[in-house]
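Following: one structure in structure tokens, then a few remarks.
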Amino acid sequence: GPPRMKRPPAPAVLDEEERRQKMEEIDTLEVQLKEAKTLAAAAKRAAQAAEQLAEAAAKEAESGSEDGQISQSTEPKKDLPEGDLQQQAEARVKARKRQEAKEKRDRQRKEVEEKRLRQAEAEAKAKELERQTKERLQERLRSERARERQL
């Protein structure tokens with residue numbers, strides 16, 4: 001055929017409006033990137049904090065410190081002075097807070113473990129899909145080679 005003509009390259013210079021639009025787009029993307037990085041860092045810190053909390057709770061559970069049980073009687077004693085009643089109330093509040101904190105730690109430990117299990121399941125699923133894909137690809141290559149041999 002006829003020789004191809006070289007076309008001059010398109011001008012790389014943008015007019016002022018195009019340049020302004022591109023700069024706005026770049027600024028918007030930079031802001032989105034910064035927000036995404038901030039969000040990712042916050043998520044990473046939260047995950048680390050949850051893991052540390054779970055580890056600390058596990059160590060506490062191993063040491064056998066079961067102080068979360070409410071040991072104070074919930075019935076105030078009528079024959080005690082008012083100061084003792086206040087101390088009893090404060091002790092009940094502290095015990096309840098300890099119990100709630102223990103339940104929260106247990107809940108977080110359970111959530112971390114469930115998250116690990118889900119991640120392990122997802123990784124196993126991904127490995128299985130990858131293995132199946134490789135098998136299909138190898139089977140396709142084998143069938144193509146067999147077809148080539150027949151020709």
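Chain lettering (A, B, ...) mirrors the order of the structure tokens, residue numbering begins at 1 for each chain separately, and ligand numbering begins at 1 in order of display.
For segment 53-63 of chain A, the set of protein, DNA and RNA residues having any atom at most 10 Å away, when counting only C-alpha atoms and skipping those fewer than 3 positions along the same chain, is A:Ala47, A:Gln48, A:Ala49, A:Ala50, A:Glu66, A:Lys102, A:Lys104, A:Arg105, A:Asp106, A:Arg107, A:Gln108, A:Arg109, A:Lys110, A:Glu111, A:Val112, A:Glu113.
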Please, which residues of segment 34-137 of chain A, numbered as in this document, come out helix (DSSP H, G or I) from DSSP, as a VMD selection string?
-> chain A and resid 34 to 62 82 to 137
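Straight-line separation from atom CA of Arg45 of chain A to atom CA of Lys97 of chain A: 25.3 Å.
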